[in-house]
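Source file start_4.txt; content: compact mmCIF, C-alpha atoms.
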# COMPACT_ATOMS: atom_id res chain seq x y z
CA MET I 1 47.15 8.98 35.38
CA ASP I 2 49.34 10.10 38.31
CA ASN I 3 53.12 10.55 38.08
CA VAL I 4 53.87 7.22 39.77
CA LYS I 5 51.78 5.25 37.32
CA LEU I 6 53.18 7.22 34.39
CA THR I 7 56.73 6.51 35.58
CA GLU I 8 55.96 2.81 35.91
CA LEU I 9 54.46 2.75 32.40
CA ILE I 10 57.52 4.41 30.90
CA ARG I 11 59.83 2.01 32.81
CA LEU I 12 57.82 -0.95 31.54
CA LEU I 13 57.96 0.25 27.94
CA CYS I 14 61.68 0.90 28.16
CA SER I 15 62.36 -2.54 29.68
CA ARG I 16 60.92 -4.37 26.70
CA GLU I 17 63.53 -5.56 24.23
CA ILE I 18 61.84 -4.50 21.05
CA LYS I 19 63.64 -3.86 17.79
CA VAL I 20 61.78 -1.34 15.69
CA PRO I 21 63.06 -0.10 12.30
CA ASP I 22 64.02 3.58 12.30
CA ASN I 23 61.56 4.39 9.52
CA LEU I 24 58.70 2.85 11.52
CA VAL I 25 59.62 4.90 14.59
CA GLU I 26 59.61 8.08 12.52
CA GLN I 27 56.32 7.17 10.85
CA GLN I 28 54.61 6.45 14.18
CA TRP I 29 56.00 9.63 15.73
CA HIS I 30 54.56 11.72 12.89
CA GLY I 31 51.24 9.96 13.46
CA VAL I 32 51.35 10.75 17.19
CA MET I 33 52.12 14.42 16.53
CA HIS I 34 49.34 14.60 13.92
CA ARG I 35 46.85 13.17 16.41
CA SER I 36 48.16 15.50 19.12
CA ASN I 37 47.61 18.54 16.87
CA ILE I 38 44.06 17.44 16.07
CA LEU I 39 43.39 16.86 19.77
CA ARG I 40 44.71 20.32 20.65
CA SER I 41 42.42 21.89 18.02
CA ILE I 42 39.36 19.96 19.19
CA LEU I 43 39.91 20.79 22.86
CA ARG I 44 40.68 24.43 22.05
CA ARG I 45 37.44 24.70 20.07
CA ARG I 46 35.50 23.15 22.95
CA ASN I 47 36.98 25.71 25.38
CA VAL I 48 38.66 22.95 27.39
CA ARG I 49 41.80 24.00 29.22
CA ILE I 50 44.57 21.45 28.98
CA GLY I 51 48.05 21.80 30.39
CA ALA I 52 51.41 20.85 28.90
CA ALA I 53 51.72 17.94 31.31
CA ALA I 54 48.40 16.53 30.19
CA ILE I 55 49.41 16.82 26.55
CA ALA I 56 52.74 15.13 27.28
CA THR I 57 50.96 12.32 29.11
CA GLY I 58 48.59 11.94 26.17
CA ILE I 59 51.48 11.74 23.72
CA VAL I 60 53.25 9.10 25.82
CA PHE I 61 50.02 7.13 26.05
CA LEU I 62 49.38 7.36 22.33
CA ALA I 63 52.97 6.46 21.48
CA GLY I 64 52.88 3.42 23.75
CA ALA I 65 49.55 2.32 22.36
CA LEU I 66 50.74 2.71 18.78
CA MET I 67 53.82 0.64 19.50
CA PHE I 68 52.04 -2.24 21.24
CA PHE I 69 48.59 -2.35 19.72
CA SER I 70 47.27 -2.26 16.18
CA ARG I 71 44.53 0.19 15.32
CA GLN I 72 42.17 -2.73 14.96
CA GLN I 73 42.39 -3.75 18.62
CA GLY I 74 39.93 -1.96 20.88
CA GLN I 75 39.35 1.76 20.95
CA LEU I 76 41.58 4.25 22.72
CA LEU I 77 38.98 6.98 22.74
CA PRO I 78 35.17 6.93 23.06
CA ALA I 79 33.67 5.82 19.74
CA GLU I 80 30.41 7.66 20.43
CA ASP I 81 32.24 10.95 19.82
CA ILE I 82 33.00 11.18 16.12
CA GLU I 83 35.77 13.76 16.58
CA PHE I 84 37.73 11.60 18.98
CA TYR I 85 37.13 8.54 16.83
CA ALA I 86 38.53 10.49 13.86
CA LEU I 87 41.53 11.41 16.01
CA HIS I 88 42.11 7.78 16.97
CA THR I 89 42.02 6.61 13.36
CA ALA I 90 43.96 9.51 11.81
CA PRO I 91 46.50 8.36 9.18
CA ALA I 92 49.97 7.90 10.63
CA SER I 93 51.81 9.32 7.62
CA GLU I 94 51.50 10.70 4.09
CA THR I 95 51.77 7.17 2.69
CA ASP I 96 48.18 6.60 3.80
CA PHE I 97 47.15 9.07 1.09
CA THR I 98 48.78 7.14 -1.76
CA GLY I 99 47.56 4.18 -3.79
CA ASN I 100 43.87 3.32 -4.08
CA THR I 101 40.78 4.87 -2.56
CA ARG I 102 39.92 2.96 0.63
CA LEU I 103 36.61 2.49 2.40
CA ARG I 104 37.04 1.30 5.98
CA VAL I 105 33.76 -0.35 6.99
CA LYS I 106 35.09 -1.84 10.21
CA GLU I 107 38.20 -1.26 12.32
CA SER I 108 39.82 -4.27 10.65
CA GLU I 109 38.20 -4.32 7.20
CA GLU I 110 39.06 -2.09 4.25
CA ILE I 111 37.72 -2.14 0.70
CA GLU I 112 39.98 -0.76 -2.03
CA VAL I 113 38.83 0.76 -5.31
CA SER I 114 41.43 1.52 -7.97
CA ALA I 115 39.25 3.81 -10.14
CA THR I 116 40.25 7.45 -10.45
CA ARG I 117 36.69 8.34 -9.44
CA ALA I 118 35.21 5.94 -6.92
CA ASN I 119 31.47 5.92 -6.21
CA PHE I 120 29.89 4.48 -3.06
CA ASP I 121 26.12 4.26 -2.57
CA TYR I 122 24.43 3.35 0.74
CA SER I 123 20.87 4.15 -0.38
CA SER I 124 19.83 0.49 -0.82
CA GLY I 125 20.86 -0.47 2.71
CA SER I 126 24.01 -2.16 1.39
CA ILE I 127 27.18 -0.50 0.10
CA VAL I 128 27.31 -0.46 -3.69
CA SER I 129 30.36 0.60 -5.68
CA ASP I 130 29.85 1.10 -9.42
CA ALA I 131 26.90 -1.34 -9.48
CA ASP I 132 28.77 -4.00 -7.46
CA THR I 133 27.58 -4.75 -3.92
CA ILE I 134 30.70 -4.65 -1.77
CA ALA I 135 29.13 -4.89 1.70
CA ARG I 136 25.66 -6.06 2.64
CA GLY I 137 23.64 -4.36 5.34
CA ALA I 138 24.58 -1.39 7.48
CA SER I 139 25.21 -1.43 11.19
CA SER I 140 22.91 0.80 13.24
CA ALA I 141 24.78 0.29 16.53
CA PRO I 142 25.74 3.57 18.23
CA GLY I 143 29.34 4.57 17.68
CA GLN I 144 29.83 2.45 14.55
CA TYR I 145 31.60 4.53 11.93
CA ASN I 146 32.78 4.07 8.38
CA GLN I 147 35.70 5.99 6.94
CA LEU I 148 36.54 7.00 3.38
CA ILE I 149 40.18 7.80 2.55
CA VAL I 150 40.78 9.37 -0.87
CA PRO I 151 44.48 9.51 -1.89
CA CYS I 152 46.34 12.01 -4.06
CA GLY I 153 45.08 12.14 -7.64
CA LYS I 154 41.72 10.50 -6.86
CA HIS I 155 38.15 11.69 -6.29
CA ALA I 156 35.20 9.88 -4.71
CA SER I 157 31.46 10.33 -4.25
CA LEU I 158 29.49 9.01 -1.33
CA LYS I 159 25.69 8.70 -1.28
CA LEU I 160 24.50 8.08 2.27
CA ASN I 161 21.27 6.30 3.07
CA ASP I 162 19.44 9.51 4.02
CA GLY I 163 20.01 10.82 0.47
CA THR I 164 22.93 13.13 1.30
CA VAL I 165 25.66 13.11 -1.37
CA ILE I 166 29.29 13.98 -0.61
CA HIS I 167 31.91 14.61 -3.30
CA VAL I 168 35.38 14.11 -1.82
CA ASN I 169 38.55 15.69 -3.19
CA SER I 170 42.09 14.26 -3.31
CA HIS I 171 44.06 13.68 -0.10
CA SER I 172 40.92 13.78 2.05
CA ARG I 173 39.28 11.72 4.76
CA VAL I 174 35.60 11.51 5.71
CA VAL I 175 34.33 9.77 8.86
CA TYR I 176 30.57 9.15 9.20
CA PRO I 177 28.07 6.83 10.96
CA ALA I 178 27.68 3.44 9.31
CA ASP I 179 23.89 3.95 9.21
CA PHE I 180 22.98 7.56 8.50
CA ARG I 181 19.25 6.97 8.98
CA VAL I 182 19.43 6.74 12.78
CA GLY I 183 20.89 8.95 15.48
CA ASN I 184 22.74 12.18 14.84
CA ARG I 185 23.83 13.11 11.33
CA GLU I 186 27.46 13.93 12.10
CA ILE I 187 30.47 13.87 9.77
CA PHE I 188 34.16 14.57 10.34
CA LEU I 189 36.18 15.97 7.43
CA GLU I 190 39.92 16.30 6.95
CA GLY I 191 40.62 17.68 3.49
CA GLU I 192 37.99 18.95 1.05
CA ALA I 193 34.46 17.89 0.18
CA TYR I 194 31.28 19.25 -1.38
CA PHE I 195 28.11 18.39 0.53
CA ASP I 196 24.64 18.17 -1.01
CA VAL I 197 22.59 17.57 2.11
CA ALA I 198 19.17 15.88 2.15
CA HIS I 199 16.70 17.97 4.16
CA ASP I 200 15.60 16.57 7.52
CA ALA I 201 14.04 19.13 9.86
CA ASN I 202 14.26 16.78 12.83
CA ARG I 203 17.93 15.84 12.34
CA PRO I 204 20.29 18.68 11.45
CA LEU I 205 23.57 17.61 9.85
CA THR I 206 26.87 18.74 11.37
CA VAL I 207 30.22 18.67 9.59
CA HIS I 208 33.15 18.78 12.02
CA THR I 209 36.68 19.84 11.13
CA SER I 210 39.60 20.31 13.53
CA ARG I 211 38.86 24.07 13.55
CA CYS I 212 35.09 24.50 13.38
CA LYS I 213 31.72 22.89 12.72
CA VAL I 214 29.10 23.56 10.06
CA CYS I 215 25.42 23.04 10.94
CA VAL I 216 22.74 22.54 8.28
CA LEU I 217 19.28 21.11 7.60
CA GLY I 218 19.37 20.78 3.81
CA THR I 219 21.73 22.68 1.55
CA ALA I 220 24.82 22.47 -0.69
CA PHE I 221 28.21 23.80 0.33
CA ASN I 222 31.95 23.24 0.01
CA VAL I 223 34.35 22.77 2.93
CA CYS I 224 38.11 22.99 2.42
CA ALA I 225 39.85 21.89 5.62
CA TYR I 226 43.33 20.65 4.82
CA PRO I 227 45.52 20.44 7.95
CA SER I 228 48.38 22.50 6.50
CA ALA I 229 46.15 25.39 5.41
CA LYS I 230 45.96 28.58 7.46
CA SER I 231 42.19 28.29 7.72
CA ASP I 232 39.16 26.18 6.81
CA ASP I 233 37.06 27.76 4.05
CA ILE I 234 33.29 27.18 3.94
CA ALA I 235 31.54 28.38 0.77
CA LEU I 236 27.77 28.12 0.31
CA ALA I 237 26.19 27.20 -3.02
CA ARG I 238 22.54 26.74 -1.95
CA GLY I 239 20.38 27.10 1.15
CA SER I 240 21.84 28.29 4.44
CA VAL I 241 24.52 27.10 6.90
CA ARG I 242 25.76 28.18 10.30
CA VAL I 243 29.49 28.00 11.02
CA GLU I 244 30.51 27.80 14.69
CA GLN I 245 33.83 28.13 16.50
CA HIS I 246 34.08 28.65 20.26
CA ASN I 247 31.35 31.21 20.97
CA SER I 248 31.40 32.76 17.49
CA ARG I 249 28.81 32.07 14.80
CA ARG I 250 28.39 33.10 11.19
CA THR I 251 25.35 32.40 9.00
CA LEU I 252 25.95 32.17 5.25
CA SER I 253 23.69 32.90 2.30
CA PRO I 254 24.36 31.49 -1.21
CA GLY I 255 27.54 32.88 -2.75
CA GLN I 256 29.13 33.67 0.59
CA LEU I 257 32.30 32.42 2.30
CA VAL I 258 33.64 32.33 5.85
CA SER I 259 37.12 31.21 6.94
CA ALA I 260 37.87 29.54 10.27
CA GLY I 261 41.37 30.16 11.57
CA GLU I 262 42.82 28.51 14.65
CA ASN I 263 41.02 30.85 17.04
CA SER I 264 38.60 33.04 15.12
CA LEU I 265 36.07 33.23 12.31
CA SER I 266 36.46 35.76 9.51
CA ASP I 267 33.75 38.15 8.44
CA VAL I 268 31.35 36.80 5.83
CA ALA I 269 32.50 37.61 2.27
CA ASN I 270 30.73 37.49 -1.08
CA VAL I 271 32.60 35.24 -3.52
CA ASP I 272 32.39 33.53 -6.90
CA ILE I 273 31.34 30.07 -5.71
CA SER I 274 32.78 28.41 -8.84
CA GLN I 275 36.31 29.10 -7.53
CA TYR I 276 35.56 26.79 -4.62
CA THR I 277 33.73 24.03 -6.47
CA CYS I 278 35.74 23.86 -9.72
CA TRP I 279 37.85 20.99 -8.32
CA MET I 280 34.91 18.65 -8.96
CA ASN I 281 35.47 19.23 -12.68
CA ASN I 282 39.27 18.86 -12.33
CA TYR I 283 40.06 22.55 -12.60
CA LEU I 284 41.81 25.01 -10.33
CA ILE I 285 40.67 28.59 -10.86
CA CYS I 286 43.25 31.08 -9.65
CA ASN I 287 41.88 34.57 -9.10
CA ASN I 288 44.82 36.57 -7.75
CA LYS I 289 45.78 33.53 -5.67
CA GLN I 290 49.09 33.32 -3.82
CA LEU I 291 51.66 30.89 -5.15
CA ASP I 292 51.98 29.00 -1.86
CA GLU I 293 48.23 28.29 -1.91
CA ILE I 294 48.53 26.89 -5.43
CA PHE I 295 51.48 24.73 -4.41
CA ASP I 296 49.47 23.40 -1.46
CA ARG I 297 46.71 22.37 -3.85
CA LEU I 298 49.13 20.70 -6.24
CA HIS I 299 50.71 18.87 -3.29
CA TYR I 300 47.37 17.27 -2.41
CA ILE I 301 46.51 16.43 -6.01
CA TYR I 302 49.86 15.13 -7.27
CA GLY I 303 51.50 14.05 -4.02
CA VAL I 304 54.63 16.19 -4.39
CA ASP I 305 56.35 18.70 -2.10
CA PHE I 306 57.41 22.16 -3.27
CA VAL I 307 60.64 23.72 -2.00
CA THR I 308 60.40 27.46 -2.53
CA PRO I 309 62.96 30.15 -1.56
CA ASP I 310 61.79 32.94 0.73
CA GLY I 311 60.16 35.81 -1.09
CA LEU I 312 58.49 33.77 -3.82
CA GLN I 313 55.56 32.34 -1.88
CA ASN I 314 53.55 35.57 -1.99
CA ILE I 315 53.60 35.94 -5.77
CA LYS I 316 50.00 36.14 -7.00
CA ILE I 317 48.71 34.75 -10.28
CA SER I 318 45.38 34.42 -12.07
CA GLY I 319 44.16 31.86 -14.57
CA LYS I 320 42.88 28.29 -14.77
CA LEU I 321 44.82 25.05 -14.41
CA ASP I 322 43.53 21.82 -15.92
CA LEU I 323 44.19 19.18 -13.27
CA ARG I 324 43.54 16.36 -15.75
CA GLU I 325 46.96 17.16 -17.17
CA SER I 326 50.13 15.56 -15.85
CA LEU I 327 52.17 17.37 -13.20
CA VAL I 328 54.88 18.11 -15.77
CA ASP I 329 52.33 19.79 -18.05
CA VAL I 330 50.91 21.86 -15.20
CA LEU I 331 54.40 22.98 -14.20
CA ASP I 332 55.09 23.92 -17.82
CA ILE I 333 52.02 26.16 -17.79
CA LEU I 334 53.15 27.83 -14.59
CA ASN I 335 56.65 28.19 -16.01
CA TYR I 336 55.17 29.98 -19.03
CA SER I 337 53.04 32.27 -16.85
CA ILE I 338 55.55 33.40 -14.23
CA PRO I 339 59.36 33.84 -14.18
CA LEU I 340 60.13 30.69 -12.23
CA ASN I 341 61.89 27.41 -12.98
CA PHE I 342 60.59 24.07 -11.69
CA THR I 343 62.85 21.05 -11.25
CA LEU I 344 61.12 17.75 -10.45
CA LYS I 345 63.22 15.16 -8.58
CA GLY I 346 61.30 12.21 -7.24
CA ASN I 347 58.44 13.64 -5.18
CA THR I 348 60.04 17.06 -4.72
CA VAL I 349 59.69 20.14 -6.93
CA ASN I 350 62.46 22.72 -6.46
CA VAL I 351 61.36 26.25 -7.38
CA THR I 352 63.88 28.91 -8.37
CA ARG I 353 63.58 32.40 -9.77
CA ARG I 354 64.28 32.74 -13.52
CA ASN I 355 66.24 35.71 -14.79
CA VAL I 356 64.32 37.62 -17.44

How does this structure look as C-alpha cells?
Amino acid sequence: MDNVKLTELIRLLCSREIKVPDNLVEQQWHGVMHRSNILRSILRRRNVRIGAAAIATGIVFLAGALMFFSRQQGQLLPAEDIEFYALHTAPASETDFTGNTRLRVKESEEIEVSATRANFDYSSGSIVSDADTIARGASSAPGQYNQLIVPCGKHASLKLNDGTVIHVNSHSRVVYPADFRVGNREIFLEGEAYFDVAHDANRPLTVHTSRCKVCVLGTAFNVCAYPSAKSDDIALARGSVRVEQHNSRRTLSPGQLVSAGENSLSDVANVDISQYTCWMNNYLICNNKQLDEIFDRLHYIYGVDFVTPDGLQNIKISGKLDLRESLVDVLDILNYSIPLNFTLKGNTVNVTRRNV
C-alpha cells in the first residue's frame, strides 16, 4: 500500500462517526499489539527484513480491520499458512483465557466445555467430547483449521485423527488442521502442551511457536511457549526431535532440553524431564527455580497478576506445589517457605518482603 492510499484509508476511517467505548478501544489495541509482536517474531525467524514503516502500515491495517470487521468475516491473512492464520485469530485480550474451554471448529462456530479437564477426540472422523458427539465429520479442505483455547485453571486433551494426542495446559492455544489425515501435519502452539506424536514416516509433524519450530516423526515431548516467557523450552521424553530457529538446529535425545530465545537456541542440556511434564498431574516442581518464573506459572494457572518489588524476582526456591489447591493455599505455602507476604486484592497479588 503506497502513502497516498494509506493516507486516504486513514482519512476515511477518521471521517466515520463511530462511538466506541474506551474499554473496547483498549482491548482492541492490546490485540493489535499482540498480533504485531507475533508477526515480528514470525518474520524474524523466517529471516524476512521488515521496516518500521511496513510494521506501522500493518498495525494501521489490522486496527482498521478489527474496528470494522468481525473475526468471522473473511480472512486477513492467507489461511494456508498456519502461522499467519494463528496470528489473525490471536486472542485480543486476557479475557479470552477466562471462562470455559473453547473449541473453534469454524471461524464463526465455537463449542464450549465447562469441565476442568476437557477431552476432544477426532479419531472416529467426528469430534467427540466425553462420549458426546459435538461435531460430525471433518473438513479436508486446504487451509481449514480448528482451534482449541484452554483458559486459566483448565486442562484439555486432544486426540487427532492420525492418532497423535496433545495434552494442553492452562492459558494455552492450539491451532491445527481440521483433518489431520491429509496434507501437512502442522500445529501452532501458544502456551504449553505435551505432544505424543503418532509415527508417520511420510508426513513429519511440525510444531510452530512464535520463536521456533519443532520437527518430529513420532515421539513424545513437552513445549512451553508462553508469550511472556524469556524463551520457549522444548523437553524430550521419548524418541527424537529437531528444533530449528533461523539457520540454527538442535537435535534432542530423551531427557534433554533446548531453549529458544528471541534470536538464538541454547546448547542442549540434560534435565529431569518430570520437572517439565509434572503440570499434567497438577504439580509444579521447583528445583532452584526463580521466583518470577513461579509467579508466571501461577499467573497462567490462576489468572492473577503478581506485583513484586525490584530485587525479589531473582529469589530461588525448591520444592513442589500442588496446583489442585486454591490460590490462597498455594500462597500460604510460599509464605511459609520464604520471607515474603502476599496480599490478594481482586486479580492482583502484591508481594512484599517480610521482616524476620

Protein and nucleic acid residues near (42.2, 2.4, -5.2) (cut-off 8 Å, all atoms listed in the file) as a ChimeraX atom specification: /I:99-102,112-116

Nearest to Tyr176 (chain I): which of I:Ala135, I:Val216, I:Val243, I:Ile82 is it, counting only C-alpha atoms?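 Closest residue, counting only C-alpha atoms: I:Ile82.
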
Residue nearest Asp272 (chain I) - candidates I:Thr308, I:Ser231, I:Thr95, I:Gln256, atoms counted: all atoms listed in the file: I:Gln256

Given the point (38.5, 34.8, 7.8) in the file's coordinates, find the residues that have an atom at most 12 Å from it, counting only C-alpha atoms, and give them as a compact mmCIF listing (two decimals) with C-alpha atoms, keeping the file's coordinate frame.
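File written: out_14.txt
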# COMPACT_ATOMS: atom_id res chain seq x y z
CA LYS I 230 45.96 28.58 7.46
CA SER I 231 42.19 28.29 7.72
CA ASP I 232 39.16 26.18 6.81
CA ASP I 233 37.06 27.76 4.05
CA ILE I 234 33.29 27.18 3.94
CA ALA I 235 31.54 28.38 0.77
CA VAL I 243 29.49 28.00 11.02
CA GLN I 245 33.83 28.13 16.50
CA ARG I 250 28.39 33.10 11.19
CA GLN I 256 29.13 33.67 0.59
CA LEU I 257 32.30 32.42 2.30
CA VAL I 258 33.64 32.33 5.85
CA SER I 259 37.12 31.21 6.94
CA ALA I 260 37.87 29.54 10.27
CA GLY I 261 41.37 30.16 11.57
CA GLU I 262 42.82 28.51 14.65
CA ASN I 263 41.02 30.85 17.04
CA SER I 264 38.60 33.04 15.12
CA LEU I 265 36.07 33.23 12.31
CA SER I 266 36.46 35.76 9.51
CA ASP I 267 33.75 38.15 8.44
CA VAL I 268 31.35 36.80 5.83
CA ALA I 269 32.50 37.61 2.27

I want to know what sits within 7 Å of region 334-349 of chain I, based on all atoms listed in the file, with residues of the same chain fewer than 5 positions away left out; could you give that as an mmCIF file with C-alpha atoms, in the coordinates of the input?
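So the final result, stored in result.cif, reads:
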data_model
loop_
_atom_site.group_PDB
_atom_site.id
_atom_site.type_symbol
_atom_site.label_atom_id
_atom_site.label_comp_id
_atom_site.auth_asym_id
_atom_site.auth_seq_id
_atom_site.Cartn_x
_atom_site.Cartn_y
_atom_site.Cartn_z
ATOM 1 C CA VAL I 304 54.630 16.190 -4.390
ATOM 2 C CA ASP I 305 56.350 18.700 -2.100
ATOM 3 C CA PHE I 306 57.410 22.160 -3.270
ATOM 4 C CA VAL I 307 60.640 23.720 -2.000
ATOM 5 C CA ARG I 354 64.280 32.740 -13.520
#

re CA of Glu109 (chain I) and CA of His299 (chain I): distance 28.4 Å

Among listed residues I:Ser326, I:Asn288, I:Ser248, I:Gln275, nearest Asn314 (chain I) (using all atoms listed in the file):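 So, comparing all the options, the nearest one is I:Asn288.
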
Å distance separating CA of Glu293 (chain I) from CA of Lys320 (chain I), one decimal place: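 Atom-to-atom, CA of Glu293 (chain I) to CA of Lys320 (chain I), that is 13.9 Å.
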
One-decimal distance in Å that lies between CA of Ala198 (chain I) and CA of Leu148 (chain I): 19.5 Å

Given the choices I:Phe188, I:Tyr300, I:Tyr276, I:Tyr145, which gets closest to Tyr226 (chain I) if the distance is worked out from all atoms listed in the file?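 The shortest atom-to-atom distance to Tyr226 (chain I) comes from I:Tyr300.
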
Just checking: using only C-alpha atoms, which residue out of I:Leu189, I:Arg238, I:Cys215, I:Ser274 ends up closest to Thr251 (chain I)?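 Checking each of I:Leu189, I:Arg238, I:Cys215, I:Ser274 against Thr251 (chain I), counting only C-alpha atoms, the winner is I:Cys215.
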
Which is closer to Ala118 (chain I) than all the others in I:His246, I:His155, I:Arg353, I:His167, using only C-alpha atoms?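 Selected residue with least distance to Ala118 (chain I): I:His155.
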